[in-house]
$ cat run_25.txt   # compact mmCIF, C-alpha atoms
# COMPACT_ATOMS: atom_id res chain seq x y z
CA MET Y 283 21.69 188.40 180.37
CA ILE Y 284 18.75 188.98 178.05
CA THR Y 285 19.69 186.04 175.81
CA GLU Y 286 20.01 183.82 178.85
CA PHE Y 287 16.57 184.90 180.03
CA LEU Y 288 15.04 184.28 176.60
CA GLN Y 289 16.73 180.88 176.34
CA ARG Y 290 15.31 179.84 179.69
CA LEU Y 291 11.89 181.19 178.75
CA LEU Y 292 11.96 179.10 175.58
CA LEU Y 293 13.02 176.08 177.62
CA LEU Y 294 10.12 176.74 180.00
CA VAL Y 295 7.56 176.85 177.19
CA MET Y 296 9.04 173.75 175.56
CA PHE Y 297 8.95 171.76 178.81
CA CYS Y 298 5.37 172.87 179.42
CA LEU Y 299 4.16 171.95 175.93
CA ALA Y 300 6.07 168.65 175.88
CA GLN Y 301 4.51 167.72 179.20
CA VAL Y 302 0.90 168.64 178.43
CA LEU Y 303 0.80 167.52 174.81
CA VAL Y 304 2.91 164.37 174.97
CA PHE Y 305 3.94 163.10 178.40
CA ASN Y 306 0.59 163.65 180.15
CA ARG Y 307 -0.88 161.17 177.68
CA ILE Y 308 1.52 158.36 178.50
CA HIS Y 309 0.23 156.00 181.18
CA VAL Y 310 2.24 152.90 181.94
CA PHE Y 311 0.37 150.29 184.04
CA ASN Y 312 -2.37 152.82 184.74
CA CYS Y 313 -0.29 154.82 187.19
CA ALA Y 314 3.07 155.94 185.85
CA SER Y 315 3.34 158.90 183.51
CA PRO Y 316 6.65 160.72 183.09
CA LEU Y 317 6.86 164.15 184.75
CA LEU Y 318 9.79 165.35 182.70
CA TYR Y 319 9.43 169.03 183.66
CA VAL Y 320 11.28 168.35 186.91
CA TYR Y 321 14.37 168.22 184.65
CA PHE Y 322 13.92 171.99 184.25
CA ALA Y 323 14.50 172.43 187.99
CA ILE Y 324 17.47 170.04 188.10
CA ILE Y 325 19.62 171.75 185.47
CA PHE Y 326 19.92 175.26 186.93
CA PRO Y 327 23.65 176.14 186.98
CA ARG Y 328 25.59 176.76 190.18
CA SER Y 329 25.31 180.33 191.58
CA TYR Y 330 22.11 180.96 189.66
CA PRO Y 331 20.16 183.37 191.91
CA ARG Y 332 17.95 181.36 194.22
CA TRP Y 333 15.00 183.71 193.99
CA ALA Y 334 15.12 183.35 190.19
CA ILE Y 335 15.13 179.54 190.42
CA LEU Y 336 12.08 179.73 192.68
CA LEU Y 337 10.20 182.07 190.36
CA TRP Y 338 11.03 179.99 187.26
CA CYS Y 339 9.93 176.77 188.95
CA PHE Y 340 6.75 178.33 190.30
CA THR Y 341 5.85 179.73 186.87
CA LEU Y 342 6.35 176.37 185.16
CA GLY Y 343 4.37 174.69 187.95
CA VAL Y 344 1.41 177.05 187.53
CA MET Y 345 1.46 176.53 183.74
CA ILE Y 346 1.44 172.75 184.13
CA ASP Y 347 -1.32 173.06 186.75
CA ALA Y 348 -3.49 175.11 184.43
CA PHE Y 349 -3.17 172.54 181.67
CA SER Y 350 -3.70 169.44 183.77
CA ASN Y 351 -6.38 170.81 186.14
CA THR Y 352 -4.35 170.27 189.29
CA PRO Y 353 -4.18 173.81 190.75
CA GLY Y 354 -1.40 174.15 193.29
CA VAL Y 355 -0.09 170.58 193.08
CA ALA Y 356 2.67 170.96 190.48
CA SER Y 357 3.51 174.54 191.50
CA ALA Y 358 3.96 173.63 195.18
CA SER Y 359 6.08 170.55 194.48
CA LEU Y 360 8.20 172.16 191.76
CA THR Y 361 8.85 175.24 193.91
CA LEU Y 362 10.04 172.96 196.69
CA THR Y 363 12.30 171.10 194.24
CA GLY Y 364 13.66 174.45 193.04
CA ALA Y 365 14.39 175.51 196.63
CA LEU Y 366 16.26 172.28 197.37
CA GLN Y 367 18.23 172.17 194.09
CA PRO Y 368 21.04 174.63 195.07
CA VAL Y 369 21.35 173.04 198.53
CA LEU Y 370 21.64 169.49 197.19
CA LEU Y 371 23.85 170.57 194.29
CA GLU Y 372 26.48 171.82 196.78
CA LEU Y 373 26.61 168.32 198.28
CA PHE Y 374 27.42 166.67 194.95
CA LEU Y 375 29.90 169.21 193.55
CA PRO Y 376 33.43 168.11 192.70
CA ARG Y 377 36.09 169.78 194.90
CA ASP Y 378 37.47 172.19 192.29
CA ALA Y 379 34.11 173.04 190.76
CA ASP Y 380 33.70 176.14 188.64
CA ASP Y 381 31.52 178.87 190.14
CA LYS Y 382 29.20 178.90 187.10
CA LEU Y 383 29.21 175.13 186.66
CA LYS Y 384 26.42 173.80 184.43
CA VAL Y 385 24.63 170.79 185.84
CA SER Y 386 24.96 167.81 183.53
CA ALA Y 387 26.33 164.27 183.53
CA SER Y 388 29.54 165.40 181.82
CA THR Y 389 30.41 168.18 184.31
CA LEU Y 390 29.34 166.44 187.53
CA GLY Y 391 30.28 162.91 186.57
CA ILE Y 392 27.66 160.26 185.89
CA GLY Y 393 27.46 158.92 189.43
CA LYS Y 394 26.91 162.29 191.05
CA PHE Y 395 24.46 163.45 188.40
CA VAL Y 396 22.44 160.25 188.84
CA SER Y 397 22.37 160.72 192.63
CA LEU Y 398 21.36 164.38 192.39
CA SER Y 399 18.65 163.87 189.80
CA SER Y 400 17.26 160.75 191.50
CA LEU Y 401 17.03 162.53 194.83
CA LEU Y 402 15.35 165.63 193.41
CA THR Y 403 12.96 163.61 191.21
CA PHE Y 404 12.02 161.37 194.11
CA ILE Y 405 11.32 164.33 196.40
CA PHE Y 406 9.29 165.98 193.64
CA CYS Y 407 7.18 162.87 192.96
CA LEU Y 408 6.69 162.23 196.67
CA VAL Y 409 5.34 165.74 197.30
CA PHE Y 410 3.37 165.80 194.04
CA PHE Y 411 1.43 162.60 194.70
CA SER Y 412 0.97 163.30 198.40
CA LEU Y 413 -0.70 166.59 197.51
CA GLU Y 414 -2.72 165.01 194.72
CA ALA Y 415 -3.92 162.12 196.85
CA PHE Y 416 -5.09 164.51 199.58
CA SER Y 417 -8.78 163.79 199.18
CA PHE Y 418 -8.59 160.23 197.94
CA PHE Y 419 -6.12 158.26 199.97
CA ASP Y 420 -5.19 154.76 198.86
CA TRP Y 421 -1.67 154.22 200.14
CA LEU Y 422 -0.82 151.31 197.83
CA TYR Y 423 -1.82 153.29 194.75
CA TRP Y 424 0.03 156.31 196.12
CA LEU Y 425 3.20 154.24 196.54
CA GLU Y 426 2.84 152.79 193.04
CA CYS Y 427 2.47 156.31 191.65
CA VAL Y 428 5.50 157.70 193.50
CA VAL Y 429 7.82 154.83 192.59
CA GLY Y 430 6.51 154.33 189.05
CA ASN Y 431 6.65 158.01 188.15
CA THR Y 432 10.10 158.49 189.68
CA LEU Y 433 11.52 155.58 187.68
CA LEU Y 434 9.87 156.55 184.41
CA THR Y 435 10.89 160.21 184.79
CA LEU Y 436 14.49 159.24 185.58
CA ILE Y 437 14.69 156.97 182.53
CA LEU Y 438 13.56 159.89 180.37
CA ILE Y 439 15.94 162.34 182.04
CA TYR Y 440 18.91 160.01 181.42
CA THR Y 441 17.81 159.51 177.82
CA PHE Y 442 17.77 163.28 177.28
CA GLU Y 443 21.04 163.64 179.17
CA CYS Y 444 22.72 161.28 176.68
CA PHE Y 445 21.87 163.67 173.82
CA ARG Y 446 22.82 166.86 175.67
CA ARG Y 447 25.95 168.67 174.73
CA MET M 90 16.53 196.40 213.41
CA HIS M 91 19.93 196.17 211.75
CA ASN M 92 20.09 192.48 212.52
CA LEU M 93 16.64 191.96 211.10
CA LEU M 94 17.62 193.67 207.85
CA ALA M 95 20.81 191.62 207.65
CA PHE M 96 18.77 188.46 208.23
CA LEU M 97 16.28 189.43 205.54
CA THR M 98 18.94 190.25 202.95
CA LYS M 99 20.72 186.95 203.63
CA TYR M 100 17.72 184.66 203.65
CA TYR M 101 15.22 186.52 201.47
CA HIS M 102 15.01 183.61 199.01
CA TRP M 103 13.53 181.45 201.76
CA LEU M 104 10.88 184.12 202.28
CA ILE M 105 10.11 184.03 198.56
CA PHE M 106 9.95 180.25 198.80
CA LEU M 107 7.47 180.43 201.67
CA PHE M 108 5.38 183.01 199.82
CA LEU M 109 5.21 180.89 196.64
CA GLU M 110 4.33 177.76 198.63
CA VAL M 111 1.52 179.67 200.35
CA VAL M 112 0.22 180.82 196.97
CA SER M 113 0.28 177.20 195.76
CA GLY M 114 -1.47 176.12 198.94
CA VAL M 115 -4.21 178.69 198.41
CA MET M 116 -4.70 177.43 194.84
CA LEU M 117 -4.78 173.84 196.08
CA PHE M 118 -7.42 174.44 198.72
CA LYS M 119 -9.42 177.06 196.89
CA TYR M 120 -10.12 174.47 194.22
CA ASN M 121 -12.62 172.89 196.59
CA SER M 122 -14.82 175.92 196.14
CA TYR M 123 -14.35 175.79 192.44
CA GLN M 124 -15.90 179.07 191.29
CA GLY M 125 -12.65 180.97 191.78
CA SER M 126 -10.48 178.55 189.88
CA VAL M 127 -11.47 179.12 186.27
CA TRP M 128 -8.18 180.87 185.59
CA ILE M 129 -5.98 178.04 186.71
CA SER M 130 -7.77 175.28 184.88
CA SER M 131 -8.22 174.07 181.36
CA ALA M 132 -11.28 176.35 181.06
CA ASN M 133 -8.78 179.19 180.72
CA ALA M 134 -8.90 180.62 177.18
CA VAL M 135 -5.19 180.14 176.34
CA VAL M 136 -5.07 176.62 177.71
CA GLY M 137 -8.33 175.75 175.98
CA LYS M 138 -7.02 177.05 172.65
CA VAL M 139 -3.82 174.98 172.85
CA TYR M 140 -5.84 171.87 173.65
CA GLU M 141 -8.23 172.68 170.81
CA TRP M 142 -5.36 172.78 168.30
CA GLN M 143 -3.98 169.56 169.61
CA SER M 144 -7.28 167.73 169.55
CA GLY M 145 -7.88 169.06 166.03
CA VAL M 146 -4.71 167.37 164.83
CA TRP M 147 -5.44 164.25 166.84
CA HIS M 148 -9.00 163.95 165.56
CA PHE M 149 -7.95 164.42 161.98
CA PHE M 150 -5.94 161.23 162.13
CA SER M 151 -8.73 159.22 163.73
CA LEU M 152 -11.47 160.49 161.42
CA SER M 153 -11.78 157.38 159.29
CA VAL M 154 -12.29 155.09 162.28
CA ARG M 155 -14.78 157.52 163.80
CA SER M 156 -16.75 157.83 160.61
CA GLU M 157 -16.95 154.06 160.32
CA GLN M 158 -18.19 153.78 163.90
CA LEU M 159 -20.78 156.50 163.35
CA THR M 160 -22.06 154.88 160.20
CA GLN M 161 -22.47 151.59 162.01
CA ARG M 162 -24.21 153.26 164.92
CA ASN M 163 -26.46 155.15 162.54
CA LEU M 164 -27.46 151.98 160.74
CA PHE M 165 -28.17 150.26 164.02
CA LEU M 166 -30.33 153.13 165.24
CA GLU M 167 -32.20 153.43 161.98
CA GLU M 168 -33.05 149.76 162.12
CA GLU M 169 -34.18 150.10 165.68
CA VAL M 170 -36.40 153.09 164.92
CA LEU M 171 -37.94 151.21 162.03
CA ARG M 172 -38.59 148.16 164.18
CA LEU M 173 -40.12 150.20 166.99
CA ARG M 174 -42.23 152.23 164.61
CA GLN M 175 -43.61 149.07 163.06
CA ARG M 176 -44.31 147.62 166.46
CA LEU M 177 -46.12 150.74 167.58
CA ALA M 178 -48.09 150.84 164.38
CA ASP M 179 -49.14 147.23 165.00
CA VAL M 180 -50.27 148.01 168.51
CA THR M 181 -51.98 151.37 168.08
CA ALA M 182 -52.61 151.50 164.36
CA ASP M 183 -51.40 155.11 164.45
CA THR M 184 -48.09 155.75 162.69
CA SER M 185 -47.75 159.39 163.66
CA LEU M 186 -47.89 158.75 167.41
CA LEU M 187 -44.25 157.83 167.92
CA MET M 188 -42.95 160.84 166.10
CA LYS M 189 -45.15 163.09 168.19
CA ARG M 190 -44.03 161.47 171.43
CA GLU M 191 -40.37 161.68 170.56
CA LEU M 192 -40.69 165.34 169.71
CA ASP M 193 -42.66 165.99 172.88
CA SER M 194 -40.12 164.36 175.13
CA LEU M 195 -37.23 166.14 173.48
CA SER M 196 -38.86 169.55 173.13
CA ARG M 197 -38.27 170.26 176.81
CA TYR M 198 -34.55 169.87 176.23
CA GLU M 199 -32.12 171.74 174.10
CA LEU M 200 -28.89 170.03 173.07
CA ILE M 201 -25.69 172.04 172.65
CA PRO M 202 -23.22 170.00 170.59
CA ALA M 203 -19.64 170.32 171.85
CA ARG M 204 -16.29 168.76 171.19
CA VAL M 205 -13.95 167.32 173.79
CA VAL M 206 -10.63 169.20 173.66
CA ASN M 207 -8.95 167.62 176.66
CA ASN M 208 -9.66 164.40 178.46
CA SER M 209 -8.03 162.09 180.97
CA VAL M 210 -9.06 158.65 182.20
CA HIS M 211 -6.11 157.42 184.25
CA ARG M 212 -5.96 159.93 187.06
CA MET M 213 -7.64 159.59 190.42
CA ASP M 214 -9.98 162.44 189.57
CA ASN M 215 -10.51 162.90 185.87
CA LEU M 216 -11.84 166.05 184.24
CA ILE M 217 -12.91 166.73 180.65
CA THR M 218 -12.66 170.06 178.85
CA ILE M 219 -15.18 170.89 176.11
CA ASP M 220 -15.12 173.76 173.62
CA LYS M 221 -18.42 175.40 174.60
CA GLY M 222 -18.76 177.89 177.44
CA SER M 223 -21.14 180.34 179.05
CA VAL M 224 -21.39 182.38 175.83
CA ASP M 225 -22.87 179.30 174.13
CA GLY M 226 -25.37 178.84 176.94
CA VAL M 227 -23.52 176.27 179.01
CA LYS M 228 -23.95 176.68 182.77
CA THR M 229 -22.62 174.75 185.72
CA ASP M 230 -24.63 171.68 186.77
CA MET M 231 -25.89 170.93 183.29
CA GLY M 232 -25.72 167.32 182.12
CA VAL M 233 -23.40 166.11 179.36
CA ALA M 234 -24.04 163.00 177.28
CA CYS M 235 -22.70 161.48 174.08
CA GLY M 236 -24.10 159.08 171.47
CA THR M 237 -23.33 156.02 173.57
CA GLY M 238 -24.48 157.26 176.96
CA VAL M 239 -23.98 159.52 179.91
CA VAL M 240 -20.72 161.49 180.27
CA GLY M 241 -20.93 163.80 183.29
CA VAL M 242 -21.95 167.14 184.70
CA VAL M 243 -20.59 170.62 183.87
CA TYR M 244 -18.32 171.65 186.72
CA LEU M 245 -17.12 175.13 185.80
CA THR M 246 -17.41 177.37 182.77
CA SER M 247 -15.51 180.24 181.24
CA ASP M 248 -16.65 182.24 178.20
CA HIS M 249 -15.70 179.66 175.57
CA TYR M 250 -14.71 176.50 177.41
CA SER M 251 -16.13 174.35 180.18
CA VAL M 252 -14.74 171.69 182.47
CA VAL M 253 -16.95 168.63 182.89
CA LEU M 254 -16.88 166.38 185.94
CA PRO M 255 -17.24 162.97 184.26
CA VAL M 256 -18.48 159.71 185.74
CA LEU M 257 -14.78 158.85 186.18
CA ASN M 258 -14.34 161.21 189.13
CA HIS M 259 -14.96 160.28 192.73
CA LEU M 260 -17.01 163.46 193.27
CA SER M 261 -19.52 162.38 190.63
CA HIS M 262 -22.82 160.98 191.96
CA ILE M 263 -25.38 160.58 189.20
CA SER M 264 -28.82 159.27 190.04
CA VAL M 265 -29.53 156.12 187.99
CA THR M 266 -32.16 153.42 187.73
CA ILE M 267 -32.38 149.86 186.44
CA ARG M 268 -34.21 149.86 183.11
CA ASN M 269 -37.76 148.38 183.15
CA CYS M 270 -37.49 147.80 186.86
CA GLY M 271 -37.54 151.23 188.48
CA TYR M 272 -35.22 150.69 191.44
CA PHE M 273 -32.74 153.46 191.71
CA GLY M 274 -29.29 154.14 193.17
CA TYR M 275 -26.41 156.42 192.44
CA LEU M 276 -23.43 155.95 190.18
CA THR M 277 -19.90 156.23 191.62
CA TRP M 278 -16.38 155.49 190.46
CA GLN M 279 -13.49 154.44 192.65
CA GLY M 280 -10.49 154.80 190.42
CA GLY M 281 -8.83 152.05 188.40
CA ASN M 282 -10.39 150.72 185.21
CA PRO M 283 -12.15 153.49 183.25
CA MET M 284 -14.63 150.97 181.78
CA PHE M 285 -16.30 150.06 185.09
CA ALA M 286 -18.27 152.05 187.67
CA TYR M 287 -20.53 151.10 190.58
CA VAL M 288 -24.16 151.69 191.41
CA GLU M 289 -24.63 152.08 195.17
CA ASP M 290 -27.72 151.91 197.38
CA VAL M 291 -29.87 149.54 195.31
CA PRO M 292 -32.50 148.13 197.73
CA ARG M 293 -32.24 144.48 198.80
CA HIS M 294 -35.70 143.60 197.55
CA ALA M 295 -34.98 144.76 194.01
CA ARG M 296 -35.23 142.01 191.38
CA PHE M 297 -32.82 142.22 188.46
CA GLN M 298 -30.08 140.20 186.85
CA LYS M 299 -26.66 140.51 185.27
CA GLY M 300 -26.85 142.05 181.83
CA ASP M 301 -29.71 144.42 182.72
CA TRP M 302 -29.26 148.00 181.54
CA ILE M 303 -28.69 150.94 183.86
CA GLU M 304 -30.03 154.33 182.75
CA THR M 305 -30.38 157.80 184.22
CA SER M 306 -33.36 158.18 186.51
CA GLY M 307 -34.26 161.81 185.85
CA TYR M 308 -34.59 162.47 189.60
CA SER M 309 -31.51 164.66 189.76
CA ASN M 310 -33.02 167.00 187.14
CA ILE M 311 -29.62 167.21 185.46
CA PHE M 312 -30.30 164.44 182.96
CA PRO M 313 -33.59 163.49 181.39
CA SER M 314 -34.55 159.93 182.29
CA GLY M 315 -33.59 157.06 180.02
CA ILE M 316 -30.03 157.92 178.94
CA SER M 317 -27.96 154.71 178.88
CA VAL M 318 -25.24 154.34 181.49
CA GLY M 319 -24.12 150.72 181.11
CA LYS M 320 -24.80 147.04 181.74
CA ILE M 321 -24.68 145.22 185.06
CA VAL M 322 -21.75 142.78 185.10
CA ASP M 323 -21.50 141.89 188.77
CA ILE M 324 -23.75 142.07 191.85
CA ASN M 325 -22.28 142.47 195.34
CA ASP M 326 -23.48 143.43 198.81
CA SER M 327 -22.69 146.94 200.00
CA GLU M 328 -20.23 147.31 202.88
CA ASP M 329 -22.97 147.63 205.50
CA GLY M 330 -24.92 144.74 203.95
CA LEU M 331 -28.12 146.78 203.71
CA SER M 332 -28.17 147.24 199.96
CA TYR M 333 -26.71 145.93 196.71
CA ARG M 334 -23.67 147.34 194.99
CA LEU M 335 -23.68 146.73 191.23
CA LYS M 336 -20.61 146.73 189.03
CA VAL M 337 -21.51 148.36 185.72
CA HIS M 338 -19.73 148.12 182.40
CA LEU M 339 -20.06 151.71 181.15
CA SER M 340 -21.50 152.10 177.67
CA THR M 341 -19.44 155.27 177.12
CA ASP M 342 -15.82 154.67 176.19
CA PHE M 343 -14.25 157.68 177.94
CA SER M 344 -10.83 157.08 176.45
CA ARG M 345 -12.23 157.73 172.96
CA LEU M 346 -14.66 160.50 173.77
CA ARG M 347 -14.94 163.16 171.11
CA ASP M 348 -18.38 164.59 170.32
CA VAL M 349 -20.69 165.27 173.24
CA CYS M 350 -23.91 167.19 173.88
CA VAL M 351 -24.67 169.49 176.77
CA ILE M 352 -28.27 169.00 177.81
CA THR M 353 -30.11 172.14 178.81
CA GLU M 354 -33.69 172.11 179.86
CA GLN M 355 -36.15 174.93 179.41
CA GLY M 356 -36.70 176.44 182.81
CA PHE M 357 -33.25 175.33 183.96
CA ALA M 358 -32.34 178.80 185.22
CA GLU M 359 -35.65 179.15 186.99
CA ARG M 360 -35.25 175.82 188.74
CA MET M 361 -31.69 176.55 189.79
CA GLU M 362 -32.86 179.85 191.31
CA LEU M 363 -35.57 178.02 193.19
CA LYS M 364 -33.08 175.45 194.46
CA GLU M 365 -30.67 178.14 195.62
CA ALA M 366 -33.48 180.02 197.35
CA ALA M 367 -34.46 176.80 199.13
CA ILE M 368 -30.89 176.16 200.26
CA ASP M 369 -30.58 179.75 201.46
CA SER M 370 -33.75 179.54 203.48
CA LEU M 371 -32.56 176.28 205.06
CA ASN M 372 -29.26 177.96 205.99
CA VAL M 373 -31.13 180.85 207.59
CA ARG M 374 -33.15 178.41 209.70
CA GLN M 375 -30.04 176.63 210.90

$ encode --input "run_25.txt" --output "structure tokens"
Amino acid sequence: MITEFLQRLLLLVMFCLAQVLVFNRIHVFNCASPLLYVYFAIIFPRSYPRWAILLWCFTLGVMIDAFSNTPGVASASLTLTGALQPVLLELFLPRDADDKLKVSASTLGIGKFVSLSSLLTFIFCLVFFSLEAFSFFDWLYWLECVVGNTLLTLILIYTFECFRR
Amino acid sequence: MHNLLAFLTKYYHWLIFLFLEVVSGVMLFKYNSYQGSVWISSANAVVGKVYEWQSGVWHFFSLSVRSEQLTQRNLFLEEEVLRLRQRLADVTADTSLLMKRELDSLSRYELIPARVVNNSVHRMDNLITIDKGSVDGVKTDMGVACGTGVVGVVYLTSDHYSVVLPVLNHLSHISVTIRNCGYFGYLTWQGGNPMFAYVEDVPRHARFQKGDWIETSGYSNIFPSGISVGKIVDINDSEDGLSYRLKVHLSTDFSRLRDVCVITEQGFAERMELKEAAIDSLNVRQ
């Protein structure tokens, strides 16, 4: 229990640092930068307590917000993603799935993992950029951001997924 | 009652979800009145420290290029000072005059050198974090400039770090003027290319041309007058057709910003008090 908690805490810090020190500095075509930390919300195992998923996601969101000066934006969207993850995961589970199934391409199958991660990433990016664009609405730019960021984030997630055990 | 308890135990995670979303919402909207948000911003001490380490590493690797640029700039400025001094000496036959004037104009201001520890240029609303805070004498609404021109205005401060609202933020409205011409407008940015901004509200009868320099006007009391902003590259009509809208190539390269100065003026605190008192009295009247 304690080791699991510490492992996840380490993962949280690593995702946060990777995002603020590396990925926040990548800008493709002036609008797309990978938001890899959504991966943290996607890979919670089945039957992980929902309240814990929410608290983890909210904490990571607040940390990212503090670093990138976007109070509330990342925390709200990541908490929503964390709330939807268990619901959507049930839809994509194989019939004889283990109760403590870990979410990855090898356990779910590539097709289902791609669907699950694309859906969650898209929802996350949609909410994130809608909240961010609140005061400054330019729908074309907003659309570019949502689509561009979703694609770039997914490419990175699949790259990391290839190297995961 | 029993049913309510059963409902709560079954769906309590949705209640947590709602609570966390409300907290996020409060953070999101509270940011508009920015005083309360120092903790969840890069002015926070922990966040500032991490960014400081990172920028230290980053700057180390770009030192040689920077030093070359600074040497060039220094040479250019030295030449210019020499040229101007000679010119002044020719005109007035008094070589000490320029020095005295320079010192006079700068003595009203105190410059606090600071280093940029975090910076963005590609977002819709960019913010810059610098490594000087209220302990070093930085206060909100002070101007920030660098060697090549204007940077922005201090937006919020913590003890050791401050967040600056740069020109590349749609909330930024800096009062500017066309050099040697006197017509003034205000500088805005509408997203997109970080090298270009716009000057709005330049009167129709103003006479100027492409390539003229834009500088701070000094009316806003945040910046002294005469700090370079950029060069006019395009002249358009404003949307209502009543004034000109100038596209300006900014002289500050925000994507390579490193060393900046916070400009504080003697009597700054006094003037801010006066301004607040004036606003308060207007509110009372309304």

$ residues_around --input "run_25.txt" --residues "segment 432-434 of chain Y" --least-positions-apart "6" --cutoff "12 Å" --atoms "only C-alpha atoms" --output "compact mmCIF listing (two decimals) with C-alpha atoms, in the frame of the given file"
# COMPACT_ATOMS: atom_id res chain seq x y z
CA PHE Y 305 3.94 163.10 178.40
CA ILE Y 308 1.52 158.36 178.50
CA HIS Y 309 0.23 156.00 181.18
CA VAL Y 310 2.24 152.90 181.94
CA PHE Y 311 0.37 150.29 184.04
CA CYS Y 313 -0.29 154.82 187.19
CA ALA Y 314 3.07 155.94 185.85
CA SER Y 315 3.34 158.90 183.51
CA PRO Y 316 6.65 160.72 183.09
CA LEU Y 317 6.86 164.15 184.75
CA LEU Y 318 9.79 165.35 182.70
CA VAL Y 320 11.28 168.35 186.91
CA TYR Y 321 14.37 168.22 184.65
CA VAL Y 396 22.44 160.25 188.84
CA SER Y 399 18.65 163.87 189.80
CA SER Y 400 17.26 160.75 191.50
CA LEU Y 401 17.03 162.53 194.83
CA LEU Y 402 15.35 165.63 193.41
CA THR Y 403 12.96 163.61 191.21
CA PHE Y 404 12.02 161.37 194.11
CA ILE Y 405 11.32 164.33 196.40
CA PHE Y 406 9.29 165.98 193.64
CA CYS Y 407 7.18 162.87 192.96
CA LEU Y 408 6.69 162.23 196.67
CA VAL Y 409 5.34 165.74 197.30
CA PHE Y 410 3.37 165.80 194.04
CA PHE Y 411 1.43 162.60 194.70
CA LEU Y 425 3.20 154.24 196.54
CA GLU Y 426 2.84 152.79 193.04
CA TYR Y 440 18.91 160.01 181.42
CA THR Y 441 17.81 159.51 177.82

$ interface_residues --input "run_25.txt" --of "chain Y" --to "chain M" --cutoff "10 Å" --atoms "only C-alpha atoms" --output "compact mmCIF listing (two decimals) with C-alpha atoms, in the coordinates of the input"
# COMPACT_ATOMS: atom_id res chain seq x y z
CA LEU Y 299 4.16 171.95 175.93
CA VAL Y 302 0.90 168.64 178.43
CA LEU Y 303 0.80 167.52 174.81
CA ASN Y 306 0.59 163.65 180.15
CA ARG Y 307 -0.88 161.17 177.68
CA ILE Y 308 1.52 158.36 178.50
CA HIS Y 309 0.23 156.00 181.18
CA VAL Y 310 2.24 152.90 181.94
CA PHE Y 311 0.37 150.29 184.04
CA ASN Y 312 -2.37 152.82 184.74
CA CYS Y 313 -0.29 154.82 187.19
CA ALA Y 314 3.07 155.94 185.85
CA SER Y 315 3.34 158.90 183.51
CA PRO Y 331 20.16 183.37 191.91
CA ARG Y 332 17.95 181.36 194.22
CA TRP Y 333 15.00 183.71 193.99
CA ALA Y 334 15.12 183.35 190.19
CA ILE Y 335 15.13 179.54 190.42
CA LEU Y 336 12.08 179.73 192.68
CA LEU Y 337 10.20 182.07 190.36
CA CYS Y 339 9.93 176.77 188.95
CA PHE Y 340 6.75 178.33 190.30
CA THR Y 341 5.85 179.73 186.87
CA GLY Y 343 4.37 174.69 187.95
CA VAL Y 344 1.41 177.05 187.53
CA MET Y 345 1.46 176.53 183.74
CA ILE Y 346 1.44 172.75 184.13
CA ASP Y 347 -1.32 173.06 186.75
CA ALA Y 348 -3.49 175.11 184.43
CA PHE Y 349 -3.17 172.54 181.67
CA SER Y 350 -3.70 169.44 183.77
CA ASN Y 351 -6.38 170.81 186.14
CA THR Y 352 -4.35 170.27 189.29
CA PRO Y 353 -4.18 173.81 190.75
CA GLY Y 354 -1.40 174.15 193.29
CA VAL Y 355 -0.09 170.58 193.08
CA ALA Y 356 2.67 170.96 190.48
CA SER Y 357 3.51 174.54 191.50
CA ALA Y 358 3.96 173.63 195.18
CA SER Y 359 6.08 170.55 194.48
CA LEU Y 360 8.20 172.16 191.76
CA THR Y 361 8.85 175.24 193.91
CA LEU Y 362 10.04 172.96 196.69
CA GLY Y 364 13.66 174.45 193.04
CA ALA Y 365 14.39 175.51 196.63
CA LEU Y 413 -0.70 166.59 197.51
CA GLU Y 414 -2.72 165.01 194.72
CA ALA Y 415 -3.92 162.12 196.85
CA PHE Y 416 -5.09 164.51 199.58
CA SER Y 417 -8.78 163.79 199.18
CA PHE Y 418 -8.59 160.23 197.94
CA PHE Y 419 -6.12 158.26 199.97
CA ASP Y 420 -5.19 154.76 198.86
CA TYR Y 423 -1.82 153.29 194.75

$ residues_around --input "run_25.txt" --residues "Tyr250 of chain M" --least-positions-apart "3" --cutoff "6 Å" --atoms "only C-alpha atoms" --output "number ranges by chain"
M: 132, 219-222, 247

$ residues_around --input "run_25.txt" --residues "Pro292 of chain M" --least-positions-apart "4" --cutoff "8 Å" --atoms "all atoms listed in the file" --output "JSON, numbers by chain"
{"M": [272, 331, 332, 333]}

$ decode --input "run_25.txt" --residues "segment 263-280 of chain M" --atoms "C-alpha atoms" --output "mmCIF file, in the first residue's frame"
data_model
loop_
_atom_site.group_PDB
_atom_site.id
_atom_site.type_symbol
_atom_site.label_atom_id
_atom_site.label_comp_id
_atom_site.auth_asym_id
_atom_site.auth_seq_id
_atom_site.Cartn_x
_atom_site.Cartn_y
_atom_site.Cartn_z
ATOM 1 C CA ILE M 263 1.231 50.541 -22.620
ATOM 2 C CA SER M 264 1.067 54.199 -23.565
ATOM 3 C CA VAL M 265 3.465 54.878 -26.468
ATOM 4 C CA THR M 266 4.377 57.698 -28.815
ATOM 5 C CA ILE M 267 5.988 58.069 -32.227
ATOM 6 C CA ARG M 268 9.552 59.305 -31.778
ATOM 7 C CA ASN M 269 10.212 62.941 -32.834
ATOM 8 C CA CYS M 270 6.570 63.366 -33.687
ATOM 9 C CA GLY M 271 4.683 63.325 -30.394
ATOM 10 C CA TYR M 272 1.452 61.603 -31.412
ATOM 11 C CA PHE M 273 0.553 58.926 -28.981
ATOM 12 C CA GLY M 274 -1.486 55.724 -28.813
ATOM 13 C CA TYR M 275 -1.426 52.536 -26.838
ATOM 14 C CA LEU M 276 0.362 49.285 -27.507
ATOM 15 C CA THR M 277 -1.640 46.037 -27.740
ATOM 16 C CA TRP M 278 -1.000 42.466 -28.808
ATOM 17 C CA GLN M 279 -3.519 40.118 -30.342
ATOM 18 C CA GLY M 280 -1.835 36.759 -30.188
#
